[in-house]
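Working notes for the structure below.
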Amino acid sequence: MTLTDAMFSRAYIAPGNRARIDRFCERAERGESLVVGAIGGSITEGASATAPERRYIDRIAARLSERFPSAQFTIANAGIGASNSLFGAFRVRKDLFSREPDIIFIDYAVNDATNPDVVHPYESLIHACLSAPKGPPVILLFMLTDNGANRQDLQIPIGRHYDLPMLSVRDAVWPEIEQGALRWSDYSPDTVHPNDAGHDMIADMALRAMVSDGKTAKVAPLPERLNAASAQFDNGSIIDANVMKVLKNNGWKKGPHKAGYTGFQSDTPGSEFTAAVEGSYIAIGYKQYRGDFGIIEVIVDEGSPIILDGYFVQERIIAWAGGHTVIAVLTADAPRGGHTIRVRLTERRHEKSGGHQFDVGYFLVS
C-alpha cells in the first residue's frame with residue numbers, strides 16, 4: 001500500500017485555498033499545542049485498525065509530530081460507526097467543536113449512501129466547521145467500498161464551492177485494483193474498512209497534501225451557500241430520552257442506545273409514547289438490526305402514519321454489519337413551532353423477525 005505519485009495525483013481532487021493549512025503549519029512551527037480533529041463514520045472511528053494509534057487520524061497526528069517536533073498534537077476523533085453527514089451536522093458541535101479542533105478532516109463519502117439527504121446536511125456540516133471559533137482548515141476525504149462505490153459525486157461540488165482541499169482514497173486505490181496492481185485485501189479485510197496499511201496510506205496522502213506550495217494565500221471569506229436549504233440543519237438538536245419532553249408514555253422504558261445516547265425501548269405491541277418538540281425539520285433515529293425486531297407507526301401532529309421497520313435487511317453497502325442506527329425524515333417543512341410526535345409499536349413484524357423489539361434512539365430537530 002505504498003502511495004505512489006500516480007495514486008496521489010489521482011487522489012488530489014483539489015488543493016483548495018491553502019491559507020488555513022499554511023496558518024496551521026505556521027502555528028506548528030512555533031511549537032503550539034494543536035488539536036487534530038475528524039468527524040465521520042466507522043472508518044474514522046477506526047474499525048479494522050488493529051489499535052487506536054493505527055487509525056488514519058492518529059497516524060496523521062503522529063506524522064505531524066515528526067514534521068513539527070516542537071509542537072504538541074492531541075486528537076479529537078468524532079467518528080461513529082454507521083453514521084452519516086445528516087447525523088454529523090446535528091452532533092458536530094457537541095462531539096467535535098467542544099474539543100476546539102485546529103484542523104478538521106471530514107469522512108462521509110461511504111456512509112452517505114444511506115443518507116436520506118446527502119447534499120444539504122453535508123454542506124451544513126462544512127459551513128459549520130469553517131465557521132468554528134479557531135477558523136480551522138477543513139480537508140474532505142472520500143473513502144470507498146469494495147466495489148469502488150461512494151458519494152463523492154455529490155460531495156465534490158460542495159467542496160469546490162468552498163474551495164477546500166479534497167482527497168479521494170477511492171480515486172487513488174480503485175484504478176490500481178481494476179488494473180490488478182493491488183488486491184482489495186491489500187487495503188481492507190472486509191468490504192469497506194482500511195487495514196493498518198490502508199490507514200497509513202490515507203495519512204501519507206493527507207500529509208503530502210499539507211506540504212506548502214510556496215505561494216502566499218489569504219483566508220477567503222465564506223461564500224454564499226451553494227444550497228440555501230442547507231441552513232435548515234444549522235444549530236439543530238439531538239433529543240434523546242434523557243432530554244425529551246414526554247407528554248404520555250405507556251410501555252416504553254429508557255435504556256442505552258448507542259454512542260452515549262439514551263433511547264426508548266419496548267417489545268410489547270401497543271406500547272405508545274408522545275413527545276413534544278420545537279422546530280420545522282424532524283427526523284427519527286432508530287435501531288434496525290437482524291433479529292427479533294418489530295415495526296412502529298409514527299404520527300407527527302395529526303398527519304398520516306409513517307411506518308418504520310426495525311428489522312435489518314442486508315444491503316450491499318452495509319454487508320459487514322448485522323444492523324445499525326438509521327435515520328428517517330418525519331417532516332422536512334412543518335410550520336416552525338411546537339409539534340407532537342406519537343410513536344406506537346404495532347402488532348406487525350417482518351416475515352423473518354421473531355419478535356417486536358424496538359429501540360428509538362433520538363429525534364433530530366431543527
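Numbering starts fresh at 1 for the residues of each chain in the C-alpha cells, the chains themselves are lettered A, B, ... in the order given, and ligands are numbered from 1 as they appear.
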I'd like the contact shell of range 287-293 of chain A - 9 Å cut-off, only C-alpha atoms, skipping same-chain residues fewer than 5 positions apart - returned as an MDAnalysis selection string. chainID A and resid 257 267 309:314 321:327 349:350 352:361
Write out the residues from the selection above, keeping N, CA and C atoms, as an mmCIF file, in the first residue's frame.
data_model
loop_
_atom_site.group_PDB
_atom_site.id
_atom_site.type_symbol
_atom_site.label_atom_id
_atom_site.label_comp_id
_atom_site.auth_asym_id
_atom_site.auth_seq_id
_atom_site.Cartn_x
_atom_site.Cartn_y
_atom_site.Cartn_z
ATOM 1 N N HIS A 257 -28.771 3.471 24.123
ATOM 2 C CA HIS A 257 -28.997 3.258 22.691
ATOM 3 C C HIS A 257 -27.666 2.978 22.000
ATOM 4 N N ASP A 267 -40.830 -4.033 23.714
ATOM 5 C CA ASP A 267 -41.086 -5.229 22.902
ATOM 6 C C ASP A 267 -42.541 -5.655 23.019
ATOM 7 N N ASP A 309 -39.723 -0.040 9.975
ATOM 8 C CA ASP A 309 -39.438 -1.434 10.300
ATOM 9 C C ASP A 309 -38.076 -1.529 10.978
ATOM 10 N N GLY A 310 -38.023 -2.125 12.150
ATOM 11 C CA GLY A 310 -36.777 -2.275 12.881
ATOM 12 C C GLY A 310 -35.964 -3.487 12.490
ATOM 13 N N TYR A 311 -36.472 -4.284 11.534
ATOM 14 C CA TYR A 311 -35.731 -5.468 11.099
ATOM 15 C C TYR A 311 -34.753 -5.076 10.000
ATOM 16 N N PHE A 312 -33.518 -5.509 10.144
ATOM 17 C CA PHE A 312 -32.456 -5.158 9.206
ATOM 18 C C PHE A 312 -32.454 -6.113 8.010
ATOM 19 N N VAL A 313 -32.626 -5.540 6.817
ATOM 20 C CA VAL A 313 -32.492 -6.300 5.582
ATOM 21 C C VAL A 313 -31.140 -5.949 4.988
ATOM 22 N N GLN A 314 -30.286 -6.938 4.847
ATOM 23 C CA GLN A 314 -28.909 -6.701 4.415
ATOM 24 C C GLN A 314 -28.853 -6.091 3.031
ATOM 25 N N ALA A 321 -22.176 -5.565 8.484
ATOM 26 C CA ALA A 321 -22.791 -5.345 9.794
ATOM 27 C C ALA A 321 -24.070 -6.154 9.949
ATOM 28 N N GLY A 322 -24.459 -6.370 11.191
ATOM 29 C CA GLY A 322 -25.731 -7.004 11.498
ATOM 30 C C GLY A 322 -26.832 -5.996 11.661
ATOM 31 N N GLY A 323 -26.531 -4.748 11.433
ATOM 32 C CA GLY A 323 -27.517 -3.699 11.577
ATOM 33 C C GLY A 323 -26.868 -2.413 12.048
ATOM 34 N N HIS A 324 -27.671 -1.385 12.202
ATOM 35 C CA HIS A 324 -27.130 -0.093 12.592
ATOM 36 C C HIS A 324 -28.279 0.820 12.998
ATOM 37 N N THR A 325 -27.951 2.041 13.396
ATOM 38 C CA THR A 325 -28.973 3.041 13.641
ATOM 39 C C THR A 325 -29.236 3.777 12.335
ATOM 40 N N VAL A 326 -30.480 3.813 11.916
ATOM 41 C CA VAL A 326 -30.854 4.511 10.689
ATOM 42 C C VAL A 326 -31.646 5.761 11.051
ATOM 43 N N ILE A 327 -31.672 6.703 10.113
ATOM 44 C CA ILE A 327 -32.400 7.952 10.313
ATOM 45 C C ILE A 327 -33.464 8.062 9.238
ATOM 46 N N ARG A 349 -44.713 -7.293 12.043
ATOM 47 C CA ARG A 349 -43.280 -7.512 12.050
ATOM 48 C C ARG A 349 -42.865 -8.102 10.710
ATOM 49 N N HIS A 350 -41.582 -7.962 10.407
ATOM 50 C CA HIS A 350 -41.035 -8.532 9.177
ATOM 51 C C HIS A 350 -41.206 -10.052 9.204
ATOM 52 N N LYS A 352 -39.275 -12.345 8.548
ATOM 53 C CA LYS A 352 -38.142 -13.080 9.096
ATOM 54 C C LYS A 352 -37.871 -12.748 10.563
ATOM 55 N N SER A 353 -38.627 -11.819 11.116
ATOM 56 C CA SER A 353 -38.420 -11.434 12.511
ATOM 57 C C SER A 353 -39.223 -12.339 13.434
ATOM 58 N N GLY A 354 -38.651 -12.633 14.600
ATOM 59 C CA GLY A 354 -39.344 -13.481 15.565
ATOM 60 C C GLY A 354 -39.940 -12.727 16.730
ATOM 61 N N GLY A 355 -39.908 -11.372 16.694
ATOM 62 C CA GLY A 355 -40.418 -10.621 17.833
ATOM 63 C C GLY A 355 -40.724 -9.181 17.486
ATOM 64 N N HIS A 356 -40.857 -8.372 18.541
ATOM 65 C CA HIS A 356 -41.321 -6.994 18.361
ATOM 66 C C HIS A 356 -40.404 -5.968 19.032
ATOM 67 N N GLN A 357 -39.153 -6.308 19.314
ATOM 68 C CA GLN A 357 -38.266 -5.328 19.936
ATOM 69 C C GLN A 357 -38.176 -4.062 19.080
ATOM 70 N N PHE A 358 -38.050 -2.937 19.767
ATOM 71 C CA PHE A 358 -37.798 -1.690 19.033
ATOM 72 C C PHE A 358 -37.031 -0.743 19.937
ATOM 73 N N ASP A 359 -36.126 0.034 19.317
ATOM 74 C CA ASP A 359 -35.285 0.966 20.066
ATOM 75 C C ASP A 359 -35.268 2.302 19.326
ATOM 76 N N VAL A 360 -35.978 3.284 19.883
ATOM 77 C CA VAL A 360 -35.962 4.643 19.356
ATOM 78 C C VAL A 360 -34.834 5.399 20.058
ATOM 79 N N GLY A 361 -33.839 5.812 19.290
ATOM 80 C CA GLY A 361 -32.665 6.445 19.903
ATOM 81 C C GLY A 361 -32.810 7.914 20.176
#
DSSP-assigned strand (DSSP E or B) among range 222-267 of chain A, expressed as a VMD selection string: chain A and resid 237 to 239 245 to 250 253 to 256 262 to 266
Using only C-alpha atoms, which residues sit within 12 Å of Val169 in chain A once same-chain residues fewer than 3 positions away are excluded, as an MDAnalysis selection string? chainID A and resid 1 3 7:13 43 56 107 109:110 140:145 148:150 152 166 172:176 187 192:194 198:206
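Using only C-alpha atoms, the nearest neighbour of Ser33 in chain A within the list A:Asp95, A:Asp102, A:Glu351, A:Asp213 is A:Asp102.
Omitting Gly338 in chain A and its sequence neighbours fewer than 6 positions away, and counting only C-alpha atoms, the residues within 12 Å are Lys245, Ala275, Ala276, Val277, Glu278, Gly279, Ser280, Tyr281, Ile282, Val300, Asp301, Val365 and Ser366 of chain A.
Of note, CA of Ile103 in chain A and CA of Gly135 in chain A are spaced 8.5 Å apart.
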With only C-alpha atoms counted and 6 Å as the cut-off, give the residues of range 81-190 of chain A in contact with range 224-244 of chain A, each with its shortest interatomic distance in Å and the pair that gives it, as a tab-separated table.
residue	atom	partner	partner_atom	distance
A:Phe90	CA	A:Gly236	CA	5.3
A:His120	CA	A:Ser230	CA	4.3
A:Pro121	CA	A:Ser230	CA	5.9
A:Ser124	CA	A:Ser230	CA	5.2
Can you write just those residues out, N, CA, C and O atoms, as a PDB file, in the first residue's frame?
ATOM      1  N   PHE A  90     -25.840  17.473  12.954  1.00  0.00           N
ATOM      2  CA  PHE A  90     -26.521  17.735  14.218  1.00  0.00           C
ATOM      3  C   PHE A  90     -25.592  17.591  15.425  1.00  0.00           C
ATOM      4  O   PHE A  90     -25.772  18.260  16.427  1.00  0.00           O
ATOM      5  N   HIS A 120     -27.646  18.656   1.425  1.00  0.00           N
ATOM      6  CA  HIS A 120     -27.894  19.772   2.332  1.00  0.00           C
ATOM      7  C   HIS A 120     -27.232  19.609   3.698  1.00  0.00           C
ATOM      8  O   HIS A 120     -26.572  20.542   4.176  1.00  0.00           O
ATOM      9  N   PRO A 121     -27.333  18.466   4.363  1.00  0.00           N
ATOM     10  CA  PRO A 121     -26.627  18.344   5.649  1.00  0.00           C
ATOM     11  C   PRO A 121     -25.115  18.342   5.499  1.00  0.00           C
ATOM     12  O   PRO A 121     -24.407  18.832   6.378  1.00  0.00           O
ATOM     13  N   SER A 124     -24.159  21.883   5.309  1.00  0.00           N
ATOM     14  CA  SER A 124     -24.318  22.482   6.634  1.00  0.00           C
ATOM     15  C   SER A 124     -23.147  22.133   7.535  1.00  0.00           C
ATOM     16  O   SER A 124     -22.624  22.982   8.269  1.00  0.00           O
TER      17      SER A 124
END
Sel. of alpha helix (DSSP H) residues, range 141-308 of chain A, as a ChimeraX atom specification: /A:152-161,169-178,184-187,196-209
Could you write out that same residue set with N, CA, C and O atoms as a short mmCIF file (atom, residue, chain, number, x, y, z; two decimals), in the first residue's frame?
data_model
loop_
_atom_site.label_atom_id
_atom_site.label_comp_id
_atom_site.auth_asym_id
_atom_site.auth_seq_id
_atom_site.Cartn_x
_atom_site.Cartn_y
_atom_site.Cartn_z
N GLN A 152 -18.90 10.64 -3.54
CA GLN A 152 -18.09 11.83 -3.80
C GLN A 152 -18.65 12.64 -4.95
O GLN A 152 -18.39 13.84 -5.06
N ASP A 153 -19.46 12.02 -5.80
CA ASP A 153 -20.05 12.77 -6.92
C ASP A 153 -20.94 13.91 -6.42
O ASP A 153 -21.02 14.96 -7.07
N LEU A 154 -21.58 13.72 -5.27
CA LEU A 154 -22.43 14.76 -4.70
C LEU A 154 -21.66 15.69 -3.76
O LEU A 154 -22.06 16.83 -3.55
N GLN A 155 -20.56 15.20 -3.20
CA GLN A 155 -19.83 15.97 -2.21
C GLN A 155 -18.76 16.87 -2.82
O GLN A 155 -18.50 17.96 -2.30
N ILE A 156 -18.14 16.45 -3.91
CA ILE A 156 -17.08 17.25 -4.54
C ILE A 156 -17.58 18.63 -4.97
O ILE A 156 -16.89 19.63 -4.72
N PRO A 157 -18.76 18.76 -5.59
CA PRO A 157 -19.21 20.11 -5.96
C PRO A 157 -19.33 21.05 -4.77
O PRO A 157 -19.07 22.26 -4.89
N ILE A 158 -19.70 20.52 -3.61
CA ILE A 158 -19.80 21.36 -2.41
C ILE A 158 -18.39 21.76 -1.95
O ILE A 158 -18.15 22.92 -1.60
N GLY A 159 -17.46 20.81 -2.00
CA GLY A 159 -16.08 21.13 -1.65
C GLY A 159 -15.48 22.18 -2.56
O GLY A 159 -14.75 23.07 -2.12
N ARG A 160 -15.78 22.10 -3.86
CA ARG A 160 -15.27 23.10 -4.80
C ARG A 160 -15.86 24.47 -4.51
O ARG A 160 -15.18 25.49 -4.61
N HIS A 161 -17.13 24.51 -4.16
CA HIS A 161 -17.78 25.79 -3.86
C HIS A 161 -17.09 26.50 -2.69
O HIS A 161 -16.93 27.73 -2.72
N VAL A 169 -9.58 8.77 -1.62
CA VAL A 169 -8.95 7.46 -1.46
C VAL A 169 -9.47 6.52 -2.55
O VAL A 169 -8.73 5.68 -3.06
N ARG A 170 -10.72 6.72 -2.92
CA ARG A 170 -11.30 5.91 -3.98
C ARG A 170 -10.52 6.07 -5.29
O ARG A 170 -10.17 5.08 -5.94
N ASP A 171 -10.22 7.30 -5.67
CA ASP A 171 -9.53 7.52 -6.94
C ASP A 171 -8.08 7.07 -6.89
O ASP A 171 -7.48 6.77 -7.93
N ALA A 172 -7.51 7.02 -5.68
CA ALA A 172 -6.15 6.50 -5.55
C ALA A 172 -6.11 4.98 -5.68
O ALA A 172 -5.28 4.43 -6.39
N VAL A 173 -7.05 4.31 -5.02
CA VAL A 173 -6.98 2.86 -4.86
C VAL A 173 -7.69 2.09 -5.97
O VAL A 173 -7.16 1.09 -6.48
N TRP A 174 -8.87 2.54 -6.36
CA TRP A 174 -9.70 1.71 -7.23
C TRP A 174 -9.07 1.42 -8.59
O TRP A 174 -9.11 0.27 -9.06
N PRO A 175 -8.47 2.41 -9.27
CA PRO A 175 -7.82 2.08 -10.55
C PRO A 175 -6.71 1.04 -10.40
O PRO A 175 -6.50 0.20 -11.30
N GLU A 176 -6.00 1.06 -9.26
CA GLU A 176 -4.95 0.06 -9.03
C GLU A 176 -5.55 -1.33 -8.93
O GLU A 176 -4.98 -2.31 -9.42
N ILE A 177 -6.73 -1.43 -8.30
CA ILE A 177 -7.40 -2.72 -8.17
C ILE A 177 -7.93 -3.18 -9.52
O ILE A 177 -7.80 -4.35 -9.91
N GLU A 178 -8.52 -2.27 -10.27
CA GLU A 178 -9.05 -2.63 -11.60
C GLU A 178 -7.94 -3.10 -12.54
O GLU A 178 -8.16 -4.00 -13.36
N TRP A 184 -7.99 -5.99 -3.36
CA TRP A 184 -8.77 -5.32 -2.32
C TRP A 184 -8.26 -5.69 -0.93
O TRP A 184 -8.19 -4.86 -0.03
N SER A 185 -7.85 -6.94 -0.76
CA SER A 185 -7.36 -7.39 0.54
C SER A 185 -6.07 -6.71 0.96
O SER A 185 -5.69 -6.76 2.13
N ASP A 186 -5.36 -6.08 0.03
CA ASP A 186 -4.19 -5.30 0.40
C ASP A 186 -4.59 -4.05 1.18
O ASP A 186 -3.81 -3.51 1.97
N TYR A 187 -5.82 -3.60 0.94
CA TYR A 187 -6.32 -2.36 1.55
C TYR A 187 -7.27 -2.61 2.72
O TYR A 187 -7.27 -1.87 3.71
N ASP A 196 -4.43 -1.61 8.64
CA ASP A 196 -3.40 -0.69 9.12
C ASP A 196 -2.65 -0.02 7.96
O ASP A 196 -2.36 1.18 7.99
N ALA A 197 -2.35 -0.81 6.92
CA ALA A 197 -1.63 -0.26 5.77
C ALA A 197 -2.49 0.78 5.05
O ALA A 197 -1.97 1.81 4.57
N GLY A 198 -3.79 0.52 4.98
CA GLY A 198 -4.69 1.48 4.36
C GLY A 198 -4.75 2.78 5.13
O GLY A 198 -4.74 3.88 4.55
N HIS A 199 -4.84 2.69 6.47
CA HIS A 199 -4.85 3.89 7.30
C HIS A 199 -3.54 4.67 7.14
O HIS A 199 -3.54 5.90 7.08
N ASP A 200 -2.42 3.94 7.07
CA ASP A 200 -1.13 4.60 6.86
C ASP A 200 -1.11 5.35 5.54
O ASP A 200 -0.61 6.48 5.45
N MET A 201 -1.66 4.73 4.49
CA MET A 201 -1.67 5.37 3.17
C MET A 201 -2.50 6.64 3.20
O MET A 201 -2.14 7.67 2.61
N ILE A 202 -3.65 6.60 3.88
CA ILE A 202 -4.51 7.79 3.99
C ILE A 202 -3.77 8.91 4.71
O ILE A 202 -3.82 10.08 4.30
N ALA A 203 -3.04 8.55 5.77
CA ALA A 203 -2.26 9.56 6.49
C ALA A 203 -1.16 10.14 5.60
O ALA A 203 -0.93 11.36 5.60
N ASP A 204 -0.48 9.28 4.86
CA ASP A 204 0.56 9.77 3.93
C ASP A 204 -0.04 10.75 2.92
O ASP A 204 0.55 11.79 2.61
N MET A 205 -1.20 10.42 2.42
CA MET A 205 -1.88 11.26 1.45
C MET A 205 -2.19 12.64 2.06
O MET A 205 -1.96 13.68 1.43
N ALA A 206 -2.73 12.63 3.28
CA ALA A 206 -3.08 13.88 3.94
C ALA A 206 -1.87 14.75 4.21
O ALA A 206 -1.88 15.96 3.96
N LEU A 207 -0.79 14.14 4.69
CA LEU A 207 0.43 14.93 4.99
C LEU A 207 1.05 15.47 3.72
O LEU A 207 1.56 16.60 3.70
N ARG A 208 0.99 14.70 2.66
CA ARG A 208 1.55 15.18 1.39
C ARG A 208 0.75 16.38 0.88
O ARG A 208 1.31 17.33 0.32
N ALA A 209 -0.56 16.36 1.08
CA ALA A 209 -1.40 17.47 0.64
C ALA A 209 -1.19 18.72 1.49
O ALA A 209 -1.53 19.82 1.06
#
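We find CA of Pro335 in chain A and CA of Asp117 in chain A to be spaced 19.9 Å apart.
Compared by their closest atoms to Gly270 in chain A, and using only C-alpha atoms, the residues A:Asp5, A:Glu53, A:Glu347, A:Glu100 rank with A:Glu347 nearest.
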Go through A:Lys134, A:Leu64, A:Ala259, A:Asp22 and flag the residue nearest Phe97 in chain A, using only C-alpha atoms for the distances. A:Lys134
Between A:Asp163, A:Phe105, A:Ser48, A:Phe24, which one has atoms that come closest to Ser188 in chain A, using only C-alpha atoms? A:Ser48
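If you measure from each of A:Gly37, A:Pro101, A:Gly81, A:Pro165 to Arg18 in chain A using only C-alpha atoms, the closest one turns out to be A:Pro165.
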